[in-house]
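Heads up, run-v1.txt below (compact mmCIF, C-alpha atoms):
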```txt
# COMPACT_ATOMS: atom_id res chain seq x y z
CA MET A 1 -18.14 -14.03 -26.94
CA SER A 2 -18.36 -11.16 -24.43
CA ASP A 3 -20.70 -13.32 -22.33
CA GLN A 4 -17.95 -15.99 -22.12
CA ILE A 5 -15.36 -13.38 -21.13
CA SER A 6 -17.69 -12.05 -18.44
CA ARG A 7 -18.22 -15.56 -17.06
CA ARG A 8 -14.47 -16.19 -17.04
CA ALA A 9 -13.80 -12.85 -15.37
CA LEU A 10 -16.48 -13.59 -12.78
CA ALA A 11 -15.07 -17.08 -12.16
CA LEU A 12 -11.52 -15.73 -11.83
CA GLY A 13 -12.69 -12.95 -9.53
CA LEU A 14 -14.52 -15.40 -7.27
CA ALA A 15 -11.54 -17.75 -7.20
CA ALA A 16 -9.17 -14.88 -6.34
CA SER A 17 -11.44 -13.61 -3.57
CA ALA A 18 -11.71 -17.13 -2.14
CA LEU A 19 -7.92 -17.46 -2.11
CA SER A 20 -7.27 -14.02 -0.54
CA PRO A 21 -8.12 -15.06 3.03
CA ALA A 22 -6.06 -18.23 2.59
CA ALA A 23 -3.06 -16.19 1.38
CA ALA A 24 -3.44 -13.77 4.30
CA LEU A 25 -3.66 -16.68 6.75
CA ALA A 26 -0.55 -18.26 5.22
CA GLN A 27 1.34 -14.98 5.65
CA THR A 28 0.37 -14.69 9.32
CA ASN A 29 1.45 -18.29 9.94
CA ASP A 30 4.81 -17.78 8.22
CA THR A 31 5.67 -14.44 9.82
CA TYR A 32 5.95 -12.95 13.29
CA SER A 33 3.35 -10.51 14.58
CA GLU A 34 4.33 -7.19 16.12
CA PRO A 35 3.36 -8.32 19.68
CA GLU A 36 5.49 -11.49 19.25
CA ILE A 37 8.52 -9.43 18.19
CA VAL A 38 8.04 -6.78 20.91
CA ALA A 39 7.84 -9.53 23.55
CA ALA A 40 10.92 -11.39 22.23
CA ALA A 41 12.97 -8.19 21.84
CA SER A 42 11.95 -6.88 25.28
CA ARG A 43 12.95 -10.17 26.92
CA PHE A 44 16.24 -10.12 25.04
CA PHE A 45 17.19 -6.49 25.72
CA GLY A 46 15.99 -6.54 29.32
CA ALA A 47 16.92 -3.21 30.93
CA GLY A 48 17.36 -1.50 27.55
CA ALA A 49 13.80 -2.30 26.46
CA GLU A 50 12.22 1.15 27.02
CA GLY A 51 12.42 2.19 23.38
CA VAL A 52 12.01 -1.29 21.87
CA ALA A 53 8.25 -1.08 21.24
CA ALA A 54 8.60 2.26 19.41
CA VAL A 55 11.49 1.00 17.26
CA VAL A 56 9.66 -2.26 16.43
CA SER A 57 6.53 -0.31 15.52
CA HIS A 58 8.57 1.91 13.18
CA VAL A 59 10.17 -1.10 11.44
CA PHE A 60 6.78 -2.85 11.09
CA SER A 61 5.29 0.26 9.49
CA ASP A 62 8.24 0.41 7.03
CA LEU A 63 8.76 -3.28 6.23
CA GLY A 64 5.80 -5.29 7.54
CA ARG A 65 5.98 -8.66 9.29
CA PRO A 66 9.37 -10.44 9.42
CA ASN A 67 9.73 -14.18 8.97
CA GLY A 68 12.84 -14.48 11.14
CA TYR A 69 15.09 -12.80 13.67
CA ILE A 70 18.62 -12.99 15.04
CA GLN A 71 19.46 -12.48 18.71
CA GLY A 72 23.12 -11.71 19.33
CA GLU A 73 25.87 -9.52 20.66
CA GLU A 74 28.58 -7.48 19.00
CA GLY A 75 31.48 -5.17 19.62
CA SER A 76 32.72 -2.39 17.41
CA GLY A 77 35.13 0.49 17.36
CA ALA A 78 36.21 3.20 14.99
CA VAL A 79 38.50 6.13 14.43
CA GLY A 80 37.49 7.01 10.88
CA VAL A 81 37.88 3.38 9.87
CA GLY A 82 35.87 0.94 11.95
CA LEU A 83 35.45 -2.76 12.58
CA ARG A 84 32.45 -4.68 13.86
CA TYR A 85 32.27 -8.31 15.06
CA GLY A 86 29.27 -10.22 16.37
CA ASP A 87 27.55 -13.53 16.78
CA GLY A 88 24.03 -14.73 17.35
CA ARG A 89 21.31 -17.25 16.62
CA LEU A 90 18.87 -17.08 13.70
CA ARG A 91 15.28 -18.26 14.19
CA LEU A 92 12.85 -18.62 11.29
CA LYS A 93 9.10 -18.84 11.80
CA ASN A 94 7.74 -22.39 11.41
CA ARG A 95 11.22 -23.96 11.32
CA SER A 96 12.52 -25.94 14.22
CA GLY A 97 15.94 -25.19 15.62
CA VAL A 98 18.26 -22.24 15.34
CA THR A 99 21.20 -21.46 13.07
CA ARG A 100 24.42 -20.06 14.54
CA VAL A 101 25.47 -16.88 12.70
CA TYR A 102 28.63 -14.76 12.91
CA TRP A 103 29.12 -11.35 11.33
CA GLN A 104 32.01 -9.04 10.75
CA GLY A 105 32.65 -6.00 8.64
CA PRO A 106 34.55 -2.80 8.05
CA SER A 107 33.18 0.73 7.92
CA LEU A 108 34.47 4.08 6.75
CA GLY A 109 33.20 7.50 7.74
CA PHE A 110 33.15 10.28 10.28
CA ASP A 111 32.93 7.92 13.19
CA THR A 112 34.80 7.59 16.46
CA GLY A 113 34.49 5.58 19.65
CA GLY A 114 33.72 2.07 20.73
CA ASN A 115 30.71 0.18 21.96
CA ALA A 116 29.32 -3.20 22.95
CA SER A 117 25.76 -3.94 21.88
CA LYS A 118 23.01 -6.46 22.11
CA VAL A 119 21.57 -6.90 18.62
CA PHE A 120 18.08 -8.05 17.68
CA THR A 121 17.84 -8.25 13.88
CA LEU A 122 14.53 -8.65 12.07
CA ALA A 123 14.86 -10.71 8.86
CA TYR A 124 12.57 -10.42 5.84
CA ASN A 125 12.18 -12.81 2.88
CA LEU A 126 14.53 -15.50 4.18
CA GLN A 127 13.31 -18.73 2.62
CA SER A 128 16.14 -20.76 4.17
CA PRO A 129 18.83 -20.06 6.77
CA ASP A 130 21.51 -20.32 4.05
CA GLN A 131 20.35 -17.02 2.50
CA ILE A 132 21.79 -15.08 5.44
CA PHE A 133 25.37 -16.04 4.56
CA GLN A 134 26.34 -13.11 2.32
CA ARG A 135 27.45 -9.48 2.56
CA PHE A 136 24.84 -6.83 3.38
CA PRO A 137 25.80 -3.19 2.70
CA GLY A 138 24.52 -0.46 4.96
CA VAL A 139 24.74 3.13 6.12
CA GLU A 140 24.65 3.87 9.82
CA GLY A 141 24.50 6.92 12.02
CA THR A 142 25.28 6.47 15.69
CA ALA A 143 24.99 8.85 18.60
CA TYR A 144 24.86 7.40 22.07
CA PHE A 145 27.01 8.04 25.07
CA VAL A 146 25.50 5.73 27.67
CA GLY A 147 22.75 3.69 26.03
CA GLY A 148 19.85 3.64 23.59
CA VAL A 149 18.14 1.63 20.86
CA GLY A 150 18.77 2.32 17.19
CA VAL A 151 17.98 0.59 13.89
CA ASN A 152 19.25 0.62 10.32
CA TYR A 153 18.30 -1.39 7.22
CA GLN A 154 20.46 -3.66 5.08
CA GLU A 155 19.26 -5.24 1.82
CA ARG A 156 20.73 -7.69 -0.65
CA SER A 157 19.23 -10.15 -3.15
CA GLY A 158 15.68 -9.52 -1.95
CA VAL A 159 16.55 -10.22 1.70
CA THR A 160 16.21 -7.28 4.10
CA LEU A 161 17.70 -7.11 7.59
CA ALA A 162 16.81 -4.56 10.26
CA PRO A 163 19.36 -4.75 13.09
CA MET A 164 18.20 -3.05 16.30
CA ARG A 165 21.05 -2.27 18.66
CA ALA A 166 21.00 -1.38 22.33
CA GLY A 167 24.48 -0.56 23.45
CA VAL A 168 26.77 0.92 26.00
CA GLY A 169 29.89 2.90 25.34
CA PHE A 170 30.82 6.11 23.58
CA ARG A 171 30.15 6.26 19.87
CA LEU A 172 29.43 9.25 17.66
CA GLY A 173 29.34 9.55 13.90
CA ALA A 174 28.10 8.23 10.58
CA ASN A 175 29.63 5.57 8.36
CA ILE A 176 29.14 3.31 5.38
CA GLY A 177 30.20 -0.30 5.26
CA TYR A 178 28.91 -3.82 5.14
CA LEU A 179 28.41 -6.82 7.35
CA ALA A 180 29.43 -10.24 6.08
CA TYR A 181 27.40 -13.00 7.73
CA SER A 182 29.19 -16.35 7.99
CA ARG A 183 28.92 -19.82 9.50
CA ARG A 184 32.24 -19.48 11.36
CA ARG A 185 33.90 -16.72 13.33
CA ARG A 186 36.41 -14.85 11.18
CA LEU A 187 39.04 -12.34 12.21
CA ASN A 188 39.37 -10.90 8.71
CA PRO A 189 36.49 -8.40 8.36
CA PHE A 190 36.77 -8.37 4.56
```

Kindly present the structure from the file in structure tokens form.
Amino acid sequence: MSDQISRRALALGLAASALSPAAALAQTNDTYSEPEIVAAASRFFGAGAEGVAAVVSHVFSDLGRPNGYIQGEEGSGAVGVGLRYGDGRLRLKNRSGVTRVYWQGPSLGFDTGGNASKVFTLAYNLQSPDQIFQRFPGVEGTAYFVGGVGVNYQERSGVTLAPMRAGVGFRLGANIGYLAYSRRRRLNPF
């Protein structure tokens, strides 16, 4: 009996080791590499790209390889209570085309100022573009007077987003809130 178990264990072990490289190859084909993301983000941010490689490296060490990203722009302002509106295009690895995405949301905190930002959001575990259309809670701290690149994480239902923002304006503070991603532009942030 133990001889049969050993044979089964050996067979299962060999099968698993044979599938490991295939699983790793599938992951690399379904996700973006760090050099791909650094190149895309640097092209997108242009003049604000000095800190992009460091921020991307930090996100990759925390979350790994993303399977999608959103390139967009947003505007926000706050005096204790804040509002944020943006729009962009979602790209998923190995899917043709892009999906238009809008986002809006309120925030509450010790936060004041206004800014306009370019946003490059890394997306994790998106199996279809439709999964983006929900509310993602988040906490954000902001401190830039002229420009800079910052990142925060948002997670909901197994999907994680890492928006990287390079902005201009005056904004200082910390807040909590959410972003609601939608198919159409909405004025109501709730």

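One distance worth recording is that between CA of Val168 (chain A) and CA of Val119 (chain A), which is 11.9 Å.
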
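Ranking A:Val79, A:Val101, A:Ala40, A:Val55 by their shortest atom-to-atom distance to Arg184 (chain A), with all atoms listed in the file included, puts A:Val101 first.
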
List as a short mmCIF file (atom, residue, chain, number, x, y, z; two decimals) with C-alpha atoms, in the coordinates of the input the protein and nucleic acid residues near Ala41 (chain A), meaning an atom at most 10 Å away when all atoms listed in the file are counted, but skip any in the same chain fewer than 2 places from it.
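selection14.cif written:
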```
data_model
loop_
_atom_site.label_atom_id
_atom_site.label_comp_id
_atom_site.auth_asym_id
_atom_site.auth_seq_id
_atom_site.Cartn_x
_atom_site.Cartn_y
_atom_site.Cartn_z
CA PRO A 35 3.36 -8.32 19.68
CA GLU A 36 5.49 -11.49 19.25
CA ILE A 37 8.52 -9.43 18.19
CA VAL A 38 8.04 -6.78 20.91
CA ALA A 39 7.84 -9.53 23.55
CA ARG A 43 12.95 -10.17 26.92
CA PHE A 44 16.24 -10.12 25.04
CA PHE A 45 17.19 -6.49 25.72
CA GLY A 46 15.99 -6.54 29.32
CA GLY A 48 17.36 -1.50 27.55
CA ALA A 49 13.80 -2.30 26.46
CA VAL A 52 12.01 -1.29 21.87
CA ALA A 53 8.25 -1.08 21.24
CA VAL A 56 9.66 -2.26 16.43
CA TYR A 69 15.09 -12.80 13.67
CA GLN A 71 19.46 -12.48 18.71
CA VAL A 119 21.57 -6.90 18.62
CA PHE A 120 18.08 -8.05 17.68
CA THR A 121 17.84 -8.25 13.88
CA LEU A 122 14.53 -8.65 12.07
CA MET A 164 18.20 -3.05 16.30
#
```

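Here CA of Ile132 (chain A) stands at a distance of 14.5 Å from CA of Arg185 (chain A).
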
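Checking A:Leu63, A:Ala174, A:Val81, A:Ala162 one by one against Ala123 (chain A), counting only C-alpha atoms, you find the shortest gap at A:Ala162.
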
Next item on the list: Considering all atoms listed in the file, return as a PyMOL selection string whatever protein or nucleic-acid residues lie within 9 Å of Ser76 (chain A), sequence-local ones (same chain, fewer than 2 positions apart) excluded.
Entry: chain A and resi 74+78+82-86+113-117

Next item on the list: Have a look at CA of Leu108 (chain A) and CA of Arg171 (chain A) and let me know their distance in Å, one decimal.
Entry: 14.0 Å

Next item on the list: Would you please work out which residue, of A:Lys93, A:Lys118, A:Arg100, A:His58, is nearest to Gly72 (chain A) when using all atoms listed in the file?
Entry: A:Lys118
